[in-house]
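Shown next: protein.txt, given as compact mmCIF, C-alpha atoms and all ligand atoms.
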```txt
# COMPACT_ATOMS: atom_id res chain seq x y z
CA MET A 1 77.58 187.09 124.92
CA ILE A 2 80.72 187.62 127.03
CA SER A 3 82.67 190.83 127.46
CA ILE A 4 85.64 190.96 129.82
CA LYS A 5 87.26 194.33 130.40
CA GLY A 6 90.53 195.02 132.18
CA LEU A 7 90.33 191.94 134.37
CA PHE A 8 92.94 191.54 137.10
CA LYS A 9 93.26 188.83 139.73
CA GLN A 10 95.78 188.73 142.50
CA PHE A 11 96.40 185.98 145.06
CA GLY A 12 98.29 187.82 147.80
CA GLU A 13 101.39 189.20 146.12
CA LEU A 14 100.97 187.05 143.03
CA GLU A 15 99.27 188.77 140.12
CA VAL A 16 97.78 185.97 138.06
CA LEU A 17 95.59 187.90 135.60
CA LYS A 18 97.06 191.16 134.35
CA GLY A 19 94.43 193.01 132.41
CA ILE A 20 92.47 190.54 130.32
CA ASP A 21 90.15 191.92 127.63
CA LEU A 22 88.05 189.42 125.78
CA GLU A 23 84.83 189.34 123.79
CA VAL A 24 83.01 186.14 122.88
CA GLY A 25 80.05 186.29 120.49
CA LYS A 26 76.87 184.30 120.98
CA GLY A 27 77.27 180.73 119.77
CA LYS A 28 81.04 181.02 119.48
CA VAL A 29 83.56 178.53 120.81
CA VAL A 30 86.78 179.93 122.23
CA VAL A 31 89.62 177.59 123.17
CA VAL A 32 92.15 178.90 125.68
CA ILE A 33 95.63 177.38 125.66
CA GLY A 34 98.87 178.26 127.36
CA PRO A 35 101.56 176.98 129.72
CA SER A 36 100.72 175.67 133.16
CA GLY A 37 100.33 178.56 135.60
CA SER A 38 99.47 181.15 132.92
CA GLY A 39 96.08 181.88 134.50
CA LYS A 40 93.68 179.89 132.30
CA THR A 41 91.80 178.21 135.14
CA THR A 42 91.70 181.43 137.13
CA LEU A 43 90.13 183.21 134.16
CA LEU A 44 87.39 180.56 133.91
CA ARG A 45 86.82 180.64 137.66
CA CYS A 46 86.47 184.44 137.51
CA LEU A 47 83.83 184.07 134.78
CA ASN A 48 81.90 181.79 137.11
CA VAL A 49 82.72 184.03 140.13
CA LEU A 50 84.31 181.09 141.91
CA GLU A 51 87.17 183.57 142.24
CA THR A 52 86.59 187.26 142.82
CA PRO A 53 88.59 189.40 140.40
CA THR A 54 90.65 192.18 141.93
CA LYS A 55 89.70 194.71 139.25
CA GLY A 56 87.80 194.94 135.99
CA SER A 57 84.36 193.91 134.79
CA ILE A 58 82.63 190.91 133.28
CA SER A 59 79.41 191.05 131.28
CA ILE A 60 77.54 187.91 130.31
CA ALA A 61 74.25 187.91 128.42
CA GLY A 62 73.64 191.55 129.27
CA GLN A 63 74.38 191.28 133.01
CA THR A 64 77.49 193.04 134.27
CA LEU A 65 79.56 192.65 137.41
CA ASP A 66 82.10 195.40 138.01
CA PHE A 67 84.82 194.53 140.51
CA SER A 68 86.68 197.82 140.45
CA GLY A 69 84.94 199.14 143.55
CA GLY A 70 85.48 195.90 145.47
CA VAL A 71 83.24 192.87 145.57
CA PRO A 72 79.76 193.62 144.22
CA LYS A 73 77.24 192.80 146.91
CA LYS A 74 74.31 192.02 144.67
CA ASN A 75 73.53 189.70 141.81
CA ILE A 76 76.41 187.26 142.23
CA ALA A 77 74.13 184.23 142.58
CA SER A 78 72.10 185.09 139.48
CA PHE A 79 75.27 185.99 137.58
CA ARG A 80 76.82 182.64 138.46
CA ARG A 81 73.80 180.88 136.98
CA LEU A 82 74.56 182.34 133.55
CA THR A 83 77.46 179.93 133.21
CA GLY A 84 77.75 176.18 133.59
CA MET A 85 81.12 174.83 134.64
CA VAL A 86 82.64 171.47 133.80
CA PHE A 87 85.69 170.54 135.89
CA GLN A 88 88.64 168.31 135.18
CA SER A 89 87.76 166.13 138.17
CA TYR A 90 83.99 165.83 137.40
CA ASN A 91 83.00 166.71 141.02
CA LEU A 92 79.89 164.50 140.97
CA PHE A 93 78.05 163.74 144.21
CA PRO A 94 79.20 160.17 144.95
CA HIS A 95 76.05 159.18 146.85
CA MET A 96 73.69 160.19 144.02
CA THR A 97 72.89 158.39 140.79
CA ALA A 98 73.57 159.98 137.41
CA LEU A 99 69.94 161.11 137.35
CA GLY A 100 70.17 162.45 140.91
CA ASN A 101 73.32 164.40 140.09
CA VAL A 102 71.70 166.07 137.08
CA MET A 103 68.42 166.83 138.92
CA GLU A 104 70.04 168.27 142.02
CA GLY A 105 70.74 171.81 140.81
CA PRO A 106 67.39 172.45 139.12
CA VAL A 107 65.48 171.18 142.19
CA THR A 108 67.50 172.71 145.02
CA VAL A 109 68.86 175.88 143.41
CA LYS A 110 66.10 176.77 140.97
CA GLY A 111 63.20 175.19 142.85
CA GLU A 112 62.03 173.24 139.84
CA ASN A 113 59.31 170.65 140.26
CA ARG A 114 60.91 167.20 140.87
CA GLU A 115 59.03 165.40 138.12
CA GLN A 116 59.89 168.01 135.51
CA ALA A 117 63.50 168.08 136.69
CA ARG A 118 63.62 164.28 136.43
CA GLN A 119 62.29 164.34 132.87
CA LYS A 120 64.74 167.02 131.84
CA ALA A 121 67.64 165.17 133.49
CA ALA A 122 66.72 161.93 131.71
CA MET A 123 66.54 163.80 128.40
CA LEU A 124 69.96 165.40 128.97
CA LEU A 125 71.56 162.10 129.96
CA GLN A 126 70.10 160.60 126.80
CA LYS A 127 71.62 163.47 124.83
CA VAL A 128 75.12 162.79 126.22
CA GLY A 129 74.72 159.09 125.38
CA LEU A 130 73.90 157.82 128.88
CA GLY A 131 70.20 157.05 128.49
CA ASP A 132 70.84 153.52 129.79
CA LYS A 133 72.83 154.66 132.85
CA LEU A 134 70.33 156.89 134.69
CA ASP A 135 70.44 154.84 137.88
CA TYR A 136 74.19 154.24 137.97
CA TYR A 137 76.30 155.78 140.71
CA PRO A 138 79.52 157.63 139.78
CA HIS A 139 81.72 154.74 140.96
CA GLN A 140 79.88 152.45 138.52
CA LEU A 141 80.73 154.72 135.58
CA SER A 142 83.95 155.20 133.60
CA GLY A 143 85.73 158.55 133.73
CA GLY A 144 84.35 159.48 130.32
CA GLN A 145 80.83 158.61 131.42
CA GLN A 146 81.23 160.57 134.65
CA GLN A 147 82.40 163.58 132.72
CA ARG A 148 79.39 163.31 130.41
CA VAL A 149 77.17 163.32 133.52
CA GLY A 150 79.10 166.44 134.55
CA ILE A 151 78.22 168.08 131.24
CA ALA A 152 74.54 167.07 131.54
CA ARG A 153 74.49 168.44 135.09
CA ALA A 154 75.81 171.81 133.95
CA LEU A 155 73.33 171.91 131.04
CA ALA A 156 70.41 171.15 133.38
CA MET A 157 70.78 174.64 134.85
CA GLU A 158 70.17 176.06 131.36
CA PRO A 159 73.20 178.34 131.29
CA GLU A 160 73.88 180.91 128.58
CA VAL A 161 77.54 179.90 128.44
CA MET A 162 79.40 176.65 129.14
CA LEU A 163 82.87 176.78 130.68
CA PHE A 164 85.13 173.73 130.42
CA ASP A 165 88.29 173.48 132.52
CA GLU A 166 90.50 170.77 131.01
CA PRO A 167 87.52 168.42 130.79
CA THR A 168 89.49 165.52 129.34
CA SER A 169 92.81 165.85 131.19
CA ALA A 170 91.99 163.23 133.82
CA LEU A 171 90.76 160.67 131.31
CA ASP A 172 92.44 157.63 129.85
CA PRO A 173 93.20 158.37 126.19
CA GLU A 174 90.56 156.00 124.83
CA LEU A 175 87.83 157.87 126.74
CA VAL A 176 88.72 161.38 125.54
CA GLY A 177 86.89 161.09 122.21
CA GLU A 178 83.45 160.42 123.70
CA VAL A 179 83.65 163.59 125.81
CA LEU A 180 84.96 165.72 122.93
CA LYS A 181 82.14 164.44 120.74
CA VAL A 182 79.53 165.63 123.24
CA MET A 183 81.29 169.01 123.35
CA LYS A 184 81.36 169.23 119.55
CA ASP A 185 77.65 168.41 119.37
CA LEU A 186 76.96 171.21 121.85
CA ALA A 187 79.04 173.63 119.81
CA ASN A 188 77.16 172.65 116.67
CA GLU A 189 73.87 173.34 118.44
CA GLY A 190 75.02 176.92 119.00
CA MET A 191 76.13 176.87 122.64
CA THR A 192 78.59 179.61 123.58
CA MET A 193 81.63 177.88 125.06
CA VAL A 194 84.96 178.78 126.63
CA VAL A 195 87.20 175.73 126.76
CA VAL A 196 90.58 175.36 128.45
CA THR A 197 92.13 172.28 126.90
CA HIS A 198 95.29 170.64 125.62
CA GLU A 199 93.32 168.92 122.86
CA MET A 200 94.63 170.74 119.82
CA ARG A 201 92.49 168.66 117.50
CA PHE A 202 89.38 169.90 119.27
CA ALA A 203 90.72 173.45 118.96
CA ARG A 204 91.27 173.00 115.22
CA GLU A 205 87.93 171.35 114.57
CA ALA A 206 85.53 173.12 116.93
CA ALA A 207 86.94 176.52 117.90
CA ASN A 208 86.01 179.79 116.24
CA GLU A 209 88.97 181.35 117.97
CA VAL A 210 92.05 180.15 119.84
CA ILE A 211 93.54 182.27 122.59
CA PHE A 212 97.09 181.85 123.83
CA MET A 213 97.69 183.03 127.39
CA ASP A 214 101.05 183.40 129.06
CA LYS A 215 101.87 184.94 132.45
CA GLY A 216 98.42 186.39 132.95
CA VAL A 217 97.97 188.12 129.61
CA VAL A 218 96.44 187.20 126.26
CA VAL A 219 99.46 187.00 123.96
CA GLU A 220 97.72 186.02 120.76
CA ARG A 221 94.24 185.24 119.47
CA ASP A 222 93.24 184.09 116.04
CA HIS A 223 91.08 181.78 113.98
CA PRO A 224 92.45 178.23 114.53
CA GLU A 225 93.72 177.88 111.00
CA ASN A 226 95.88 181.01 111.20
CA PHE A 227 96.75 180.33 114.80
CA PHE A 228 98.23 176.92 114.16
CA THR A 229 99.76 177.49 110.74
CA ASN A 230 101.01 181.02 111.16
CA PRO A 231 101.41 182.04 114.81
CA LYS A 232 102.62 185.62 115.06
CA HIS A 233 104.34 185.73 118.42
CA GLU A 234 107.54 183.98 119.32
CA ARG A 235 106.08 182.77 122.64
CA THR A 236 103.15 181.15 120.82
CA ARG A 237 105.53 179.44 118.40
CA GLN A 238 107.65 178.11 121.25
CA PHE A 239 104.60 176.76 123.07
CA LEU A 240 103.19 175.09 119.95
CA ASN A 241 106.58 173.49 119.28
CA LEU A 242 106.62 172.08 122.80
CA ILE A 243 103.20 170.44 122.59
CA ARG A 244 103.34 169.21 118.98
P1 LIG B 1 96.65 177.53 134.55
O1 LIG B 1 95.22 177.13 134.54
O2 LIG B 1 97.05 178.31 133.32
O3 LIG B 1 97.59 176.39 134.81
P2 LIG B 1 96.02 178.79 137.07
O4 LIG B 1 94.99 179.82 136.79
O5 LIG B 1 95.58 177.49 137.63
O6 LIG B 1 96.88 178.56 135.74
O7 LIG B 1 97.12 179.38 138.06
C1 LIG B 1 97.82 180.57 137.80
C2 LIG B 1 98.69 180.90 139.00
O8 LIG B 1 97.87 181.25 140.11
C3 LIG B 1 99.57 179.76 139.47
O9 LIG B 1 100.80 180.29 139.83
C4 LIG B 1 98.84 179.21 140.67
O10 LIG B 1 99.72 178.63 141.59
C5 LIG B 1 98.19 180.46 141.23
N1 LIG B 1 96.94 180.19 141.97
C6 LIG B 1 95.82 179.65 141.45
N2 LIG B 1 94.85 179.57 142.38
C7 LIG B 1 95.37 180.06 143.53
C8 LIG B 1 94.88 180.24 144.87
N3 LIG B 1 93.62 179.91 145.18
N4 LIG B 1 95.71 180.78 145.78
C9 LIG B 1 96.97 181.13 145.45
N5 LIG B 1 97.49 181.00 144.22
C10 LIG B 1 96.73 180.47 143.27
```
Go ahead and express the file in the form of C-alpha cells.
Ligand code: ADP
Amino acid sequence: MISIKGLFKQFGELEVLKGIDLEVGKGKVVVVIGPSGSGKTTLLRCLNVLETPTKGSISIAGQTLDFSGGVPKKNIASFRRLTGMVFQSYNLFPHMTALGNVMEGPVTVKGENREQARQKAAMLLQKVGLGDKLDYYPHQLSGGQQQRVGIARALAMEPEVMLFDEPTSALDPELVGEVLKVMKDLANEGMTMVVVTHEMRFAREAANEVIFMDKGVVVERDHPENFFTNPKHERTRQFLNLIR
C-alpha cells in the first residue's frame, strides 16, 4: 500500500530525513517511535505532502510521486487525498459543529452532495462513539471527543491510508483510552495505518511492525514482540530504557 524509497528532507542546512526506505502492506499497522527531533512528524507530513521531500519517491495505492527531479507539478492534490491525517492538536474548525467538521471535506473538496455527506458524517460520528454529539461545537467537547471527531473527519474523505501524528499526546490520561480504542477498531477493520505515538501499549497490541527512528534514519524495525523483548540495536535499547 505504501512504498517509500530513498526519502530525504532538508530544512535549509538541516537534513531531517536521511534516506528512508519503508514498505507498508495493505491493512497493516506500523507504529513509528523515536526521540524528539528524529524526523517522525516530518516523515508523516511528507507522506501527506504537507512537506515536500528533497529527494526520493513515495508510492501509495499505486500512485507515485517522485521528488528527485524537484517538486512534481501534477497529481499532488489527488495524491494527498490517498491519506487521512490526524493531528496531535485536532485542528477542528471551531465555528462548525462535529457534523459540520466531518462534512466539510467531502462537500467542499470532493463536491459530494450535502445530504449524502451529512448521512455519511453522522454514520462516522456514530462509529467513533459520538452519535449523540452531532450538533456540539468543538469547545463543548472534551479533548478525547474532539480527537474522535478528527478521526471521523479524516475517514470521511475515504482515504486508503490513515496517518496519526501523536494523536493522544495532548490528552489528559483518562481520555487516551477512548481514542486508542477507536484506532484499534479501525485497525481491526483492515485500515492501513502509520502511527507516531508514545503509547507503547498500543504498539504492542495493535502494530504489525514497530519502527524506531533516530536522527533521520530507520534504525530498527521488527514485529512488536521481538522489538520490545529483544531489540537488536544499542540505540533502540537505550530509548526503550528511557521510556519504560
Ligand atoms: P519528531 O517528530 O521525531 O519529533 P520532527 O520531524 O518534528 O521530529 O522534527 C525533526 C527536525 O526537523 C527537528 O530538528 C525540527 O526542529 C526540524 N523541523 C521540523 N519542521 C521544520 C520546519 N518546518 N522548518 C525547520 N525545521 C523543521
Protein and nucleic residues near ligand LIG 1 (chain B), 9 Å, all atoms listed in the file, as a VMD selection string: chain A and resid 9 to 12 14 to 17 33 to 45 51 165 to 166 196 213 to 216
Computed interatomic separation between atom CA of A:Lys18 and atom CA of A:Ile211 (Å): 15.2 Å
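Restricting the calculation to only C-alpha atoms, the smallest distance between A:Gln88 and any of A:Gly144, A:Gly62, A:Gly131, A:Gly69 is found for A:Gly144.
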Test item: which residues lie within 12 Å of (98.1, 180.1, 113.8) counting only C-alpha atoms, as a PyMOL selection string: chain A and resi 200+203-204+209-212+220-234+236-237+239-240
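Closest to A:Thr54 among A:Gly111, A:Pro72, A:Gly27, A:Gly100 is A:Pro72, based on all atoms listed in the file.
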How would stretch 24-44 of chain A read, as a PDB file, in the frame of the given file, once N, CA, C and O atoms are built in?
```
ATOM      1  N   VAL A  24      83.419 187.402 123.507  1.00  0.00           N
ATOM      2  CA  VAL A  24      83.010 186.140 122.880  1.00  0.00           C
ATOM      3  C   VAL A  24      81.577 186.317 122.381  1.00  0.00           C
ATOM      4  O   VAL A  24      80.672 186.635 123.160  1.00  0.00           O
ATOM      5  N   GLY A  25      81.384 186.129 121.078  1.00  0.00           N
ATOM      6  CA  GLY A  25      80.050 186.290 120.490  1.00  0.00           C
ATOM      7  C   GLY A  25      79.141 185.122 120.821  1.00  0.00           C
ATOM      8  O   GLY A  25      79.609 184.029 121.164  1.00  0.00           O
ATOM      9  N   LYS A  26      77.849 185.356 120.705  1.00  0.00           N
ATOM     10  CA  LYS A  26      76.870 184.300 120.980  1.00  0.00           C
ATOM     11  C   LYS A  26      77.092 183.129 120.027  1.00  0.00           C
ATOM     12  O   LYS A  26      77.273 183.329 118.819  1.00  0.00           O
ATOM     13  N   GLY A  27      77.103 181.931 120.585  1.00  0.00           N
ATOM     14  CA  GLY A  27      77.270 180.730 119.770  1.00  0.00           C
ATOM     15  C   GLY A  27      78.706 180.433 119.370  1.00  0.00           C
ATOM     16  O   GLY A  27      78.952 179.480 118.635  1.00  0.00           O
ATOM     17  N   LYS A  28      79.637 181.231 119.855  1.00  0.00           N
ATOM     18  CA  LYS A  28      81.040 181.020 119.480  1.00  0.00           C
ATOM     19  C   LYS A  28      81.738 180.092 120.478  1.00  0.00           C
ATOM     20  O   LYS A  28      81.373 180.030 121.655  1.00  0.00           O
ATOM     21  N   VAL A  29      82.756 179.414 119.975  1.00  0.00           N
ATOM     22  CA  VAL A  29      83.560 178.530 120.810  1.00  0.00           C
ATOM     23  C   VAL A  29      84.990 179.083 120.852  1.00  0.00           C
ATOM     24  O   VAL A  29      85.622 179.240 119.813  1.00  0.00           O
ATOM     25  N   VAL A  30      85.434 179.408 122.053  1.00  0.00           N
ATOM     26  CA  VAL A  30      86.780 179.930 122.230  1.00  0.00           C
ATOM     27  C   VAL A  30      87.590 178.897 123.016  1.00  0.00           C
ATOM     28  O   VAL A  30      87.157 178.442 124.075  1.00  0.00           O
ATOM     29  N   VAL A  31      88.725 178.511 122.469  1.00  0.00           N
ATOM     30  CA  VAL A  31      89.620 177.590 123.170  1.00  0.00           C
ATOM     31  C   VAL A  31      90.786 178.394 123.732  1.00  0.00           C
ATOM     32  O   VAL A  31      91.395 179.198 123.022  1.00  0.00           O
ATOM     33  N   VAL A  32      91.064 178.186 125.017  1.00  0.00           N
ATOM     34  CA  VAL A  32      92.150 178.900 125.680  1.00  0.00           C
ATOM     35  C   VAL A  32      93.283 177.909 125.930  1.00  0.00           C
ATOM     36  O   VAL A  32      93.068 176.864 126.563  1.00  0.00           O
ATOM     37  N   ILE A  33      94.467 178.232 125.418  1.00  0.00           N
ATOM     38  CA  ILE A  33      95.630 177.380 125.660  1.00  0.00           C
ATOM     39  C   ILE A  33      96.740 178.224 126.270  1.00  0.00           C
ATOM     40  O   ILE A  33      96.673 179.459 126.269  1.00  0.00           O
ATOM     41  N   GLY A  34      97.745 177.538 126.773  1.00  0.00           N
ATOM     42  CA  GLY A  34      98.870 178.260 127.360  1.00  0.00           C
ATOM     43  C   GLY A  34      99.563 177.402 128.388  1.00  0.00           C
ATOM     44  O   GLY A  34      99.010 176.393 128.837  1.00  0.00           O
ATOM     45  N   PRO A  35     100.800 177.780 128.766  1.00  0.00           N
ATOM     46  CA  PRO A  35     101.560 176.980 129.720  1.00  0.00           C
ATOM     47  C   PRO A  35     100.863 176.878 131.072  1.00  0.00           C
ATOM     48  O   PRO A  35     100.031 177.728 131.407  1.00  0.00           O
ATOM     49  N   SER A  36     101.222 175.848 131.805  1.00  0.00           N
ATOM     50  CA  SER A  36     100.720 175.670 133.160  1.00  0.00           C
ATOM     51  C   SER A  36     101.065 176.913 133.991  1.00  0.00           C
ATOM     52  O   SER A  36     102.175 177.429 133.905  1.00  0.00           O
ATOM     53  N   GLY A  37     100.085 177.396 134.745  1.00  0.00           N
ATOM     54  CA  GLY A  37     100.330 178.560 135.600  1.00  0.00           C
ATOM     55  C   GLY A  37     100.111 179.894 134.910  1.00  0.00           C
ATOM     56  O   GLY A  37     100.331 180.945 135.509  1.00  0.00           O
ATOM     57  N   SER A  38      99.636 179.879 133.648  1.00  0.00           N
ATOM     58  CA  SER A  38      99.470 181.150 132.920  1.00  0.00           C
ATOM     59  C   SER A  38      98.180 181.872 133.292  1.00  0.00           C
ATOM     60  O   SER A  38      97.981 183.015 132.880  1.00  0.00           O
ATOM     61  N   GLY A  39      97.297 181.209 134.035  1.00  0.00           N
ATOM     62  CA  GLY A  39      96.080 181.880 134.500  1.00  0.00           C
ATOM     63  C   GLY A  39      94.794 181.436 133.830  1.00  0.00           C
ATOM     64  O   GLY A  39      93.743 182.035 134.035  1.00  0.00           O
ATOM     65  N   LYS A  40      94.855 180.345 133.064  1.00  0.00           N
ATOM     66  CA  LYS A  40      93.680 179.890 132.300  1.00  0.00           C
ATOM     67  C   LYS A  40      92.530 179.491 133.223  1.00  0.00           C
ATOM     68  O   LYS A  40      91.391 179.915 133.035  1.00  0.00           O
ATOM     69  N   THR A  41      92.847 178.653 134.212  1.00  0.00           N
ATOM     70  CA  THR A  41      91.800 178.210 135.140  1.00  0.00           C
ATOM     71  C   THR A  41      91.258 179.385 135.942  1.00  0.00           C
ATOM     72  O   THR A  41      90.044 179.495 136.147  1.00  0.00           O
ATOM     73  N   THR A  42      92.144 180.268 136.361  1.00  0.00           N
ATOM     74  CA  THR A  42      91.700 181.430 137.130  1.00  0.00           C
ATOM     75  C   THR A  42      90.745 182.288 136.302  1.00  0.00           C
ATOM     76  O   THR A  42      89.729 182.771 136.826  1.00  0.00           O
ATOM     77  N   LEU A  43      91.033 182.438 135.023  1.00  0.00           N
ATOM     78  CA  LEU A  43      90.130 183.210 134.160  1.00  0.00           C
ATOM     79  C   LEU A  43      88.740 182.567 134.123  1.00  0.00           C
ATOM     80  O   LEU A  43      87.732 183.249 134.304  1.00  0.00           O
ATOM     81  N   LEU A  44      88.689 181.240 133.928  1.00  0.00           N
ATOM     82  CA  LEU A  44      87.390 180.560 133.910  1.00  0.00           C
ATOM     83  C   LEU A  44      86.676 180.709 135.248  1.00  0.00           C
ATOM     84  O   LEU A  44      85.473 180.952 135.295  1.00  0.00           O
TER      85      LEU A  44
END
```
